[in-house]
Amino acid sequence: MTGLLQLDGLEKRFGAVVAVDGISLSVPAGEVLGFLGPNGAGKSTTMKMASGFLAPDAGTARICDFDVVTSPIAAKKLVGYLPEGAPAWGEMTPLGFLKFCASVRGLTGADGRRAIDQAVARTGLESVIDRAIETLSKGFKRRVGLAQAILHDPRVLILDEPTDGLDPNQKHHVRQLIRDMAAERAIVVSTHILEEVDAVCSRAIIIDRGRIVADGTADELRKLIPGKRKSSLEDVFHHVTTTRELADA
Amino acid sequence: MHNIAAIARRELGAYFGTPIAYVFLVVFVILCGIMTFYVGDLLGRGTADLVPFFTYVPWVLLVFVPAVGMRLWAEEKKSGSIELLMTLPITVSEAVIGKWLAGWLFIGVALIATFSLWVTVNILGSPDNGVILVSYLGAFAMAGVLLAVAGCASALTHNQVIAFVIAVALSFLIITSGTPLVLDAVRAVGGNVLGDAISSLSVIAHFEQPMHGVIVLADVVYAVAMVVFWLFATGLAIELKKAG
């Protein structure tokens with residue numbers, strides 16, 4: 001079966017640097033895929049291509065069978081994307097920002113209000129709804145980005161470091177939100193917090209230098225180091241991202 | 001159409017959401033006043049019209065329009081919000097047109113804010129208000145052309161200062177290509193044909209008729225063609241970045 005999110009042989013280079021080197025993966029409905037890797041491994045670049053922001057040099061990214069390059073509008077309607085760092089227009093209020101997003105996503109009138117109310121409630125933005133986004137704390141900014149990503153109830157959610165910079169309570173809240181949304185959706189979450197894999201992900205992929213070096217459930221990953229029945233995810237992460245030979249085997 | 005309106009509304013909100021918008025408007029009106037009364041010597045001419053204003057307004061726009069347009073794309077790139085914008089289900093054309101439209105309307109507000117000059121000449125005498133109206137429309141169209149250029153410059157960089165400098169340089173060429181400063185030199189070297197060709201690309205040459213209250217199809221076509229060309233170039237710059 002093909003996934004709601006389907007990447008085939010994605011490649012991207014910036015000048016001489018190969019950022020993403022042939023990544024293929026499929027995320028079916030109901031799966032929360034953890035996207036792990038060292039800084040600079042190509043996580044964000046892959047997510048930018050999956051969301052249709054960057055055009056791949058080779059390969060395809062498809063959302064519910066719509067190619068993000070050849071049918072960008074159809075694909076983008078079905079995706080919710082939280083870019084790295086959760087950028088937003090700082091002079092807007094969360095309410096104005098969400099109204100704008102609802103408007104361009106075709107959610108107008110009562111539908112728009114309902115979608116905004118729901119996203120605001122799910123991300124707990126009620127208390128800051130009328131303050132300029134640039135004056136909000138990092139945690140609230142991230143939640144504004146999340147609210148925008150889930151606003152239109154997308155089939156595919158691509159979240160680039162959704163819990164980065166949040167305090168433990170906020171992290172817990174965001175993980176709960178992701179778990180709640182998982183049932184009908186394909187969700188990809190990039191992180192370098194390994195505990196998140198156990199907390200929210202049903203499967204994890206580790207990438208290194210633009211390639212997938214490990215792929216499986218948390219328990220499968222723990223068995224990856226030869227000679228050890230069960231190691232910590234930290235050890236596995238370290239092992240697969242420093243030993244290319246093993247990955248190629 | 002709906003998306004263009006939504007983007008334009010958001011951008012206009014961004015202009016007026018900061019005090020800079022009002023600073024811009026005040027500075028623009030003051031500059032126009034100085035140009036009209038001192039440089040253009042409105043009162044000393046003894047004629048009740050706004051020719052001094054419309055003679056110098058291109059030079060005010062030369063600085064003002066790039067200042068309005070420089071943030072259109074450069075700011076989005078700097079803050080990363082372009083990633084948000086371009087992953088919404090909108091086309092590049094919708095984003096380019098919507099942003100340009102917002103800047104153009106903002107400049108329209110600035111032009112309207114100079115109405116006190118119009119009132120002044122009406123108190124001092126009885127000017128041909130039809131001519132003044134057409135001149136205003138011409139100035140508005142000229143601002144639209146220069147804004148499309150500034151937007152394109154903004155799409156080339158994530159640095160607003162660089163965008164401003166590029167936009168002023170390009171606008172300067174587009175304005176001066178119709179003045180003796182450039183034309184005499186071109187005619188001396190390339191003859192009248194080349195001179196006329198260069199001159200026909202200048203906004204000043206196409207502002208000549210509206211300033212006398214005449215709307216000529218060629219001038220309208222010029223303005224529309226220039227805007228379309230520069231907006232197209234802007235879209236291209238955005239698309240190239242996406243591939244890059």
# chains A, B, ... in the order shown; residues from 1 in each chain; ligands from 1

call {"tool": "residues_around", "arguments": {"residues": "Phe28 (chain B)", "least_positions_apart": "2", "cutoff": "9 Å", "atoms": "only C-alpha atoms", "output": "list in words"}}
result
Val23, Phe24, Leu25, Val26, Ile30, Leu31, Cys32, Gly33, Val60, Leu61, Phe64, Ala110, Leu111, Ala113 and Thr114 of chain B

call {"tool": "interface_residues", "arguments": {"of": "chain A", "to": "chain B", "cutoff": "6 Å", "atoms": "only C-alpha atoms", "output": "ChimeraX atom specification"}}
result
/A:53-55,73,76-77,87-88,104

call {"tool": "write_last_selection", "arguments": {"atoms": "C-alpha atoms", "output": "CSV table (one decimal), in the first residue's frame"}}
result
chain,number,residue,atom,x,y,z
A,53,PHE,CA,8.8,24.6,-0.6
A,54,LEU,CA,12.0,23.4,-2.3
A,55,ALA,CA,12.0,21.6,-5.6
A,73,ILE,CA,-1.9,23.4,-5.1
A,76,LYS,CA,-0.5,21.8,-0.4
A,77,LYS,CA,-4.2,21.8,0.4
A,87,PRO,CA,8.4,31.5,11.4
A,88,ALA,CA,5.3,33.8,11.2
A,104,VAL,CA,-6.3,31.2,1.7

call {"tool": "residues_around", "arguments": {"residues": "region 40-56 of chain B", "least_positions_apart": "2", "cutoff": "6 Å", "atoms": "only C-alpha atoms", "output": "PDB file with C-alpha atoms, in the first residue's frame"}}
result
ATOM      1  CA  MET B  35       9.756  70.013  -4.093  1.00  0.00           C
ATOM      2  CA  THR B  36       6.596  71.837  -5.107  1.00  0.00           C
ATOM      3  CA  PHE B  37       7.013  75.084  -3.214  1.00  0.00           C
ATOM      4  CA  TYR B  38      10.780  75.571  -3.112  1.00  0.00           C
ATOM      5  CA  PRO B  58       9.189  61.198 -10.150  1.00  0.00           C
ATOM      6  CA  TRP B  59      12.268  62.110  -8.124  1.00  0.00           C
ATOM      7  CA  VAL B 121      -4.040  75.710  -6.031  1.00  0.00           C
ATOM      8  CA  GLY B 125      -6.839  80.270  -8.590  1.00  0.00           C
ATOM      9  CA  PRO B 127      -6.786  75.267 -12.154  1.00  0.00           C
TER      10      PRO B 127
END

call {"tool": "closest_residue", "arguments": {"among": "B:Leu147, B:Val131, B:Ile238, B:Leu117", "to": "Phe164 (chain B)", "atoms": "only C-alpha atoms"}}
result
B:Leu147

call {"tool": "closest_residue", "arguments": {"among": "B:Ile215, B:Ala21, B:Ile123, B:Cys152", "to": "Val68 (chain B)", "atoms": "only C-alpha atoms"}}
result
B:Ala21

call {"tool": "select_by_dssp", "arguments": {"residues": "region 26-216 of chain A", "states": "alpha helix (DSSP H)", "output": "PyMOL selection string"}}
result
chain A and resi 43-50+72-77+94-104+109-123+138-150+168-181+195-200

call {"tool": "write_last_selection", "arguments": {"atoms": "C-alpha atoms", "output": "short mmCIF file (atom, residue, chain, number, x, y, z; two decimals), in the first residue's frame"}}
result
data_model
loop_
_atom_site.label_atom_id
_atom_site.label_comp_id
_atom_site.auth_asym_id
_atom_site.auth_seq_id
_atom_site.Cartn_x
_atom_site.Cartn_y
_atom_site.Cartn_z
CA LYS A 43 16.21 16.48 7.84
CA SER A 44 14.92 19.98 7.22
CA THR A 45 15.84 19.90 3.52
CA THR A 46 13.87 16.68 3.11
CA MET A 47 10.87 18.19 4.89
CA LYS A 48 11.09 21.34 2.77
CA MET A 49 10.91 19.19 -0.34
CA ALA A 50 8.06 17.08 1.05
CA PRO A 72 1.48 21.86 -6.00
CA ILE A 73 -1.87 23.41 -5.09
CA ALA A 74 -3.70 20.10 -4.69
CA ALA A 75 -0.82 18.72 -2.62
CA LYS A 76 -0.45 21.82 -0.44
CA LYS A 77 -4.15 21.80 0.41
CA PRO A 94 -2.34 34.87 16.29
CA LEU A 95 -6.00 35.50 15.45
CA GLY A 96 -5.19 37.65 12.40
CA PHE A 97 -2.58 35.16 11.31
CA LEU A 98 -4.96 32.20 11.57
CA LYS A 99 -7.70 34.16 9.81
CA PHE A 100 -5.34 34.80 6.92
CA CYS A 101 -4.33 31.13 6.74
CA ALA A 102 -7.98 30.04 6.92
CA SER A 103 -8.87 32.46 4.15
CA VAL A 104 -6.25 31.22 1.68
CA GLY A 109 -17.44 32.17 7.28
CA ALA A 110 -18.63 29.67 9.87
CA ASP A 111 -16.22 26.96 8.65
CA GLY A 112 -13.30 29.32 9.12
CA ARG A 113 -14.40 30.34 12.61
CA ARG A 114 -14.90 26.72 13.64
CA ALA A 115 -11.47 25.71 12.28
CA ILE A 116 -9.78 28.62 14.05
CA ASP A 117 -11.58 27.94 17.34
CA GLN A 118 -10.60 24.30 17.21
CA ALA A 119 -6.94 24.99 16.35
CA VAL A 120 -6.73 27.65 19.07
CA ALA A 121 -8.24 25.30 21.63
CA ARG A 122 -5.98 22.41 20.65
CA THR A 123 -2.83 24.52 20.92
CA LYS A 138 9.22 30.95 22.02
CA GLY A 139 6.75 28.35 23.25
CA PHE A 140 3.74 30.36 22.16
CA LYS A 141 5.32 31.17 18.79
CA ARG A 142 5.78 27.45 18.23
CA ARG A 143 2.16 26.85 19.16
CA VAL A 144 1.03 29.54 16.71
CA GLY A 145 2.95 27.64 14.01
CA LEU A 146 1.33 24.39 15.10
CA ALA A 147 -2.14 25.95 15.08
CA GLN A 148 -1.53 27.08 11.50
CA ALA A 149 -0.37 23.58 10.52
CA ILE A 150 -3.44 21.78 11.91
CA PRO A 168 8.66 20.10 29.70
CA ASN A 169 4.96 20.86 30.19
CA GLN A 170 4.62 22.33 26.74
CA LYS A 171 6.50 19.37 25.25
CA HIS A 172 4.11 17.02 26.94
CA HIS A 173 1.19 19.01 25.58
CA VAL A 174 2.50 19.00 22.00
CA ARG A 175 3.20 15.26 22.13
CA GLN A 176 -0.32 14.65 23.37
CA LEU A 177 -1.61 16.76 20.50
CA ILE A 178 0.39 14.73 17.98
CA ARG A 179 -0.85 11.45 19.44
CA ASP A 180 -4.44 12.72 19.34
CA MET A 181 -4.12 13.65 15.70
CA GLU A 195 12.98 10.32 24.09
CA GLU A 196 10.40 11.70 21.67
CA VAL A 197 10.67 8.52 19.62
CA ASP A 198 9.30 6.47 22.49
CA ALA A 199 6.84 9.17 23.46
CA VAL A 200 5.05 9.75 20.16
#

call {"tool": "residues_around", "arguments": {"residues": "Leu146 (chain B)", "least_positions_apart": "5", "cutoff": "10 Å", "atoms": "only C-alpha atoms", "output": "PyMOL selection string"}}
result
chain B and resi 58+61-62+64-66+69+104+140-141+151-152+167-168+170-172+174-175+203+223+226-227+230

call {"tool": "write_last_selection", "arguments": {"atoms": "N, CA and C atoms", "output": "PDB file, in the first residue's frame"}}
result
ATOM      1  N   PRO B  58       8.408  62.400  -9.809  1.00  0.00           N
ATOM      2  CA  PRO B  58       9.189  61.198 -10.150  1.00  0.00           C
ATOM      3  C   PRO B  58      10.433  61.048  -9.276  1.00  0.00           C
ATOM      4  N   LEU B  61       9.420  59.808  -5.900  1.00  0.00           N
ATOM      5  CA  LEU B  61       9.076  58.387  -6.020  1.00  0.00           C
ATOM      6  C   LEU B  61      10.331  57.530  -6.173  1.00  0.00           C
ATOM      7  N   LEU B  62      11.356  58.086  -6.805  1.00  0.00           N
ATOM      8  CA  LEU B  62      12.606  57.353  -7.008  1.00  0.00           C
ATOM      9  C   LEU B  62      13.155  56.822  -5.686  1.00  0.00           C
ATOM     10  N   PHE B  64      11.150  57.006  -2.647  1.00  0.00           N
ATOM     11  CA  PHE B  64      10.049  56.532  -1.812  1.00  0.00           C
ATOM     12  C   PHE B  64       9.594  55.122  -2.199  1.00  0.00           C
ATOM     13  N   VAL B  65       9.442  54.874  -3.493  1.00  0.00           N
ATOM     14  CA  VAL B  65       8.910  53.577  -3.925  1.00  0.00           C
ATOM     15  C   VAL B  65       9.848  52.415  -3.566  1.00  0.00           C
ATOM     16  N   PRO B  66      11.173  52.529  -3.819  1.00  0.00           N
ATOM     17  CA  PRO B  66      12.043  51.443  -3.375  1.00  0.00           C
ATOM     18  C   PRO B  66      11.969  51.207  -1.866  1.00  0.00           C
ATOM     19  N   GLY B  69       8.925  49.144  -1.425  1.00  0.00           N
ATOM     20  CA  GLY B  69       8.998  47.819  -2.040  1.00  0.00           C
ATOM     21  C   GLY B  69      10.087  46.918  -1.503  1.00  0.00           C
ATOM     22  N   TRP B 104       1.248  49.012  -3.917  1.00  0.00           N
ATOM     23  CA  TRP B 104       0.721  50.030  -4.832  1.00  0.00           C
ATOM     24  C   TRP B 104      -0.382  50.830  -4.149  1.00  0.00           C
ATOM     25  N   PHE B 140       0.365  57.782 -10.218  1.00  0.00           N
ATOM     26  CA  PHE B 140       0.030  56.508  -9.582  1.00  0.00           C
ATOM     27  C   PHE B 140       0.520  55.340 -10.444  1.00  0.00           C
ATOM     28  N   ALA B 141       0.301  55.460 -11.773  1.00  0.00           N
ATOM     29  CA  ALA B 141       0.754  54.417 -12.690  1.00  0.00           C
ATOM     30  C   ALA B 141       2.284  54.315 -12.676  1.00  0.00           C
ATOM     31  N   GLY B 151       9.967  45.522  -6.234  1.00  0.00           N
ATOM     32  CA  GLY B 151       9.592  44.188  -5.770  1.00  0.00           C
ATOM     33  C   GLY B 151      10.516  43.134  -6.341  1.00  0.00           C
ATOM     34  N   CYS B 152      10.889  43.309  -7.604  1.00  0.00           N
ATOM     35  CA  CYS B 152      11.801  42.370  -8.246  1.00  0.00           C
ATOM     36  C   CYS B 152      13.163  42.404  -7.558  1.00  0.00           C
ATOM     37  N   ALA B 167      17.028  48.691  -6.294  1.00  0.00           N
ATOM     38  CA  ALA B 167      15.782  49.272  -6.797  1.00  0.00           C
ATOM     39  C   ALA B 167      15.979  50.739  -7.184  1.00  0.00           C
ATOM     40  N   VAL B 168      16.717  51.495  -6.359  1.00  0.00           N
ATOM     41  CA  VAL B 168      16.949  52.908  -6.683  1.00  0.00           C
ATOM     42  C   VAL B 168      17.767  53.015  -7.971  1.00  0.00           C
ATOM     43  N   LEU B 170      18.024  50.862 -10.493  1.00  0.00           N
ATOM     44  CA  LEU B 170      17.200  50.505 -11.660  1.00  0.00           C
ATOM     45  C   LEU B 170      16.175  51.598 -11.963  1.00  0.00           C
ATOM     46  N   SER B 171      15.538  52.110 -10.907  1.00  0.00           N
ATOM     47  CA  SER B 171      14.535  53.155 -11.100  1.00  0.00           C
ATOM     48  C   SER B 171      15.169  54.406 -11.694  1.00  0.00           C
ATOM     49  N   PHE B 172      16.384  54.714 -11.233  1.00  0.00           N
ATOM     50  CA  PHE B 172      17.087  55.891 -11.749  1.00  0.00           C
ATOM     51  C   PHE B 172      17.292  55.760 -13.260  1.00  0.00           C
ATOM     52  N   ILE B 174      15.538  53.898 -15.286  1.00  0.00           N
ATOM     53  CA  ILE B 174      14.239  53.912 -15.966  1.00  0.00           C
ATOM     54  C   ILE B 174      13.686  55.335 -16.048  1.00  0.00           C
ATOM     55  N   ILE B 175      13.959  56.147 -15.036  1.00  0.00           N
ATOM     56  CA  ILE B 175      13.485  57.538 -15.075  1.00  0.00           C
ATOM     57  C   ILE B 175      14.351  58.382 -16.007  1.00  0.00           C
ATOM     58  N   VAL B 203       9.963  56.110 -17.972  1.00  0.00           N
ATOM     59  CA  VAL B 203       8.666  56.481 -17.407  1.00  0.00           C
ATOM     60  C   VAL B 203       8.391  57.968 -17.599  1.00  0.00           C
ATOM     61  N   ALA B 223       2.709  51.291 -19.356  1.00  0.00           N
ATOM     62  CA  ALA B 223       2.665  51.055 -17.912  1.00  0.00           C
ATOM     63  C   ALA B 223       2.290  49.609 -17.610  1.00  0.00           C
ATOM     64  N   MET B 226       5.156  47.233 -18.599  1.00  0.00           N
ATOM     65  CA  MET B 226       6.287  47.299 -17.661  1.00  0.00           C
ATOM     66  C   MET B 226       5.961  46.553 -16.364  1.00  0.00           C
ATOM     67  N   VAL B 227       4.766  46.785 -15.835  1.00  0.00           N
ATOM     68  CA  VAL B 227       4.379  46.114 -14.586  1.00  0.00           C
ATOM     69  C   VAL B 227       4.373  44.599 -14.794  1.00  0.00           C
ATOM     70  N   TRP B 230       7.975  43.215 -15.050  1.00  0.00           N
ATOM     71  CA  TRP B 230       8.735  43.159 -13.798  1.00  0.00           C
ATOM     72  C   TRP B 230       8.113  42.198 -12.789  1.00  0.00           C
TER      73      TRP B 230
END

call {"tool": "atom_distance", "arguments": {"atom1": "CA of Leu151 (chain A)", "atom2": "CA of Gly90 (chain A)"}}
result
18.7 Å

call {"tool": "decode", "arguments": {"residues": "region 45-86 of chain B", "atoms": "N, CA and C atoms", "output": "compact mmCIF listing (two decimals), in the first residue's frame"}}
result
# COMPACT_ATOMS: atom_id res chain seq x y z
N ARG B 45 5.45 81.15 -9.72
CA ARG B 45 5.15 80.98 -11.14
C ARG B 45 3.95 81.80 -11.57
N GLY B 46 3.08 82.07 -10.62
CA GLY B 46 1.90 82.85 -10.95
C GLY B 46 0.87 82.08 -11.75
N THR B 47 0.97 80.76 -11.79
CA THR B 47 -0.02 79.96 -12.51
C THR B 47 -0.65 78.96 -11.53
N ALA B 48 -1.96 78.86 -11.55
CA ALA B 48 -2.62 77.92 -10.65
C ALA B 48 -2.70 76.55 -11.31
N ASP B 49 -1.62 75.79 -11.18
CA ASP B 49 -1.66 74.38 -11.61
C ASP B 49 -0.67 73.60 -10.74
N LEU B 50 -0.59 72.31 -10.95
CA LEU B 50 0.31 71.49 -10.13
C LEU B 50 1.50 70.98 -10.93
N VAL B 51 1.84 71.71 -12.01
CA VAL B 51 2.97 71.28 -12.83
C VAL B 51 4.27 71.15 -12.01
N PRO B 52 4.55 72.09 -11.09
CA PRO B 52 5.77 71.92 -10.30
C PRO B 52 5.76 70.61 -9.49
N PHE B 53 4.61 70.27 -8.95
CA PHE B 53 4.50 69.03 -8.18
C PHE B 53 4.76 67.82 -9.06
N PHE B 54 4.07 67.78 -10.22
CA PHE B 54 4.21 66.59 -11.06
C PHE B 54 5.55 66.53 -11.79
N THR B 55 6.23 67.67 -11.88
CA THR B 55 7.58 67.66 -12.48
C THR B 55 8.57 66.95 -11.55
N TYR B 56 8.37 67.18 -10.25
CA TYR B 56 9.36 66.64 -9.32
C TYR B 56 8.93 65.34 -8.64
N VAL B 57 7.65 64.98 -8.79
CA VAL B 57 7.19 63.77 -8.10
C VAL B 57 7.94 62.50 -8.54
N PRO B 58 8.41 62.40 -9.81
CA PRO B 58 9.19 61.20 -10.15
C PRO B 58 10.43 61.05 -9.28
N TRP B 59 11.03 62.18 -8.91
CA TRP B 59 12.27 62.11 -8.12
C TRP B 59 12.00 61.76 -6.66
N VAL B 60 10.84 62.16 -6.19
CA VAL B 60 10.45 61.74 -4.84
C VAL B 60 10.14 60.24 -4.86
N LEU B 61 9.42 59.81 -5.90
CA LEU B 61 9.08 58.39 -6.02
C LEU B 61 10.33 57.53 -6.17
N LEU B 62 11.36 58.09 -6.81
CA LEU B 62 12.61 57.35 -7.01
C LEU B 62 13.16 56.82 -5.69
N VAL B 63 12.98 57.59 -4.63
CA VAL B 63 13.47 57.16 -3.31
C VAL B 63 12.37 56.46 -2.51
N PHE B 64 11.15 57.01 -2.65
CA PHE B 64 10.05 56.53 -1.81
C PHE B 64 9.59 55.12 -2.20
N VAL B 65 9.44 54.87 -3.49
CA VAL B 65 8.91 53.58 -3.92
C VAL B 65 9.85 52.42 -3.57
N PRO B 66 11.17 52.53 -3.82
CA PRO B 66 12.04 51.44 -3.38
C PRO B 66 11.97 51.21 -1.87
N ALA B 67 11.75 52.29 -1.10
CA ALA B 67 11.64 52.12 0.35
C ALA B 67 10.39 51.34 0.71
N VAL B 68 9.33 51.53 -0.08
CA VAL B 68 8.09 50.78 0.18
C VAL B 68 8.25 49.33 -0.29
N GLY B 69 8.93 49.14 -1.43
CA GLY B 69 9.00 47.82 -2.04
C GLY B 69 10.09 46.92 -1.50
N MET B 70 11.10 47.49 -0.84
CA MET B 70 12.27 46.68 -0.49
C MET B 70 11.94 45.53 0.46
N ARG B 71 10.91 45.69 1.29
CA ARG B 71 10.61 44.67 2.27
C ARG B 71 9.75 43.53 1.70
N LEU B 72 9.12 43.75 0.55
CA LEU B 72 8.10 42.82 0.08
C LEU B 72 8.54 41.36 0.13
N TRP B 73 9.72 41.06 -0.38
CA TRP B 73 10.19 39.67 -0.38
C TRP B 73 11.38 39.48 0.54
N ALA B 74 12.26 40.50 0.60
CA ALA B 74 13.49 40.35 1.37
C ALA B 74 13.19 40.03 2.84
N GLU B 75 12.17 40.69 3.37
CA GLU B 75 11.83 40.48 4.78
C GLU B 75 11.33 39.05 5.02
N GLU B 76 10.54 38.55 4.07
CA GLU B 76 10.01 37.19 4.19
C GLU B 76 11.15 36.18 4.18
N LYS B 77 12.14 36.47 3.33
CA LYS B 77 13.27 35.54 3.24
C LYS B 77 14.09 35.57 4.50
N LYS B 78 14.30 36.77 5.02
CA LYS B 78 15.11 36.94 6.22
C LYS B 78 14.46 36.23 7.41
N SER B 79 13.16 36.42 7.57
CA SER B 79 12.49 35.87 8.75
C SER B 79 12.10 34.40 8.55
N GLY B 80 12.16 33.92 7.32
CA GLY B 80 11.78 32.53 7.07
C GLY B 80 10.30 32.35 6.81
N SER B 81 9.52 33.44 6.92
CA SER B 81 8.08 33.31 6.72
C SER B 81 7.74 33.00 5.27
N ILE B 82 8.71 33.18 4.38
CA ILE B 82 8.46 32.83 2.98
C ILE B 82 8.15 31.33 2.86
N GLU B 83 8.73 30.56 3.78
CA GLU B 83 8.49 29.12 3.76
C GLU B 83 7.02 28.82 4.07
N LEU B 84 6.49 29.63 4.96
CA LEU B 84 5.08 29.51 5.31
C LEU B 84 4.21 29.92 4.13
N LEU B 85 4.54 31.08 3.57
CA LEU B 85 3.75 31.63 2.47
C LEU B 85 3.71 30.66 1.29
N MET B 86 4.88 30.12 0.93
CA MET B 86 4.95 29.32 -0.28
C MET B 86 4.52 27.87 -0.06
